[in-house]
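**Q** Sharing a structure, written as structure tokens. Questions coming.
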Amino acid sequence: MGKIFLLMGKSTSGKDTIYKDLIRNEAFSLLKVVPYTTRPMRDGETDGVQYFFKSEEEYLKLKNDKRIIEERTYYTNYGPWRYFTADDGQIDLESGNYLMIGTLESYCYIRDYFGKEYVEPILIDVDARIRLERAMKREEEQEHPKYDELCRRFLADEEDFSEEKIEEAGIDKRFYNNADINDCIKEISDFIARHIN
């Protein structure tokens, strides 16, 4: 049986960059799981690559059909944005190991859905000042920057990844991405290599 390696961390912790590097690593042959969202597509994103972008109506249909494994809703200044993983046939632990990006909450749901022995948490931690600088830089590159949403997301992450919630989830290992991201990727790669079947 394969495993699901779930990358998680606050916004601008480097999850996307780390994910891309690990997916390209042929030594692991990690399989992708594309999550779903109802938020608007950002500049440079492609449907079916970063996310499957769905309307609220499409989300409700999946929910009514009981095909959602885990979900989170963020009440933004632009309305509710939903992020979710659907039971759509993408995950088959008989066929290999998977790499996903999620939150602390989604980790708990996926762990409970598939079993603790099949889900490995990879919590990326970054100093708050560094995260804020990265978030400002990323937002400045957008055609229509949403600084109010950046601030809301930053504060929400502080609550969503509180020390109490990390402890409740049973996560005791962290990977720090404060300096050279390649050092963080190397440490995560070593961790995955020790845990793949």
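Please note that chains go A, B, ... in the order of the structure tokens, that every chain numbers its residues from 1, and that ligands are numbered from 1 in the order shown.
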Can you tell me, as a ChimeraX atom specification, what residues are no more than 9 Å from range 78-81 of chain A when counting only C-alpha atoms, ignoring any on the same chain fewer than 6 positions away?
**A** /A:37-40,56,72,149
**Q** Atoms to include: C-alpha atoms. Write the selected residues as a compact mmCIF listing (two decimals), in the first residue's frame.
**A**
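Dumped everything to out-v1.txt:
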# COMPACT_ATOMS: atom_id res chain seq x y z
CA THR A 37 -11.69 25.31 -5.08
CA THR A 38 -14.48 27.80 -5.71
CA ARG A 39 -12.16 30.82 -5.42
CA PRO A 40 -11.35 32.82 -8.55
CA GLU A 56 -20.68 27.13 -5.98
CA ARG A 72 -12.66 24.16 4.30
CA GLU A 149 -7.34 39.58 1.53
**Q** Report as a Markdown table: every residue of range 28-141 of chain A with an atom at most 9 Å from range 156-168 of chain A, its closest pair of atoms, and their distance in Å to one decimal, counting only C-alpha atoms, with rows sorted by chain and ascending residue number.
**A**
| residue | atom | partner | partner_atom | distance |
| --- | --- | --- | --- | --- |
| A:Tyr74 | CA | A:Ala156 | CA | 8.9 |
| A:Thr103 | CA | A:Asp160 | CA | 8.2 |
| A:Leu104 | CA | A:Phe161 | CA | 6.7 |
| A:Glu105 | CA | A:Asp160 | CA | 7.9 |
**Q** Given only C-alpha atoms as the basis, pick out the residue of A:Asp112, A:Ile91, A:Asn97, A:Phe154 nearest to Arg129 in chain A.
**A** A:Phe154
**Q** In Å to one decimal, how far is CA of Asn177 in chain A from CA of Val126 in chain A?
**A**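 Separating CA of Val126 in chain A from CA of Asn177 in chain A is a distance of 5.4 Å.
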**Q** Which polymer residues have any atom within 10 Å of an atom of Ile188 in chain A, counting only C-alpha atoms, with same-chain residues fewer than 6 positions away left out, as a ChimeraX atom specification?
**A** /A:7,18,22,122-124,174-176,182,194
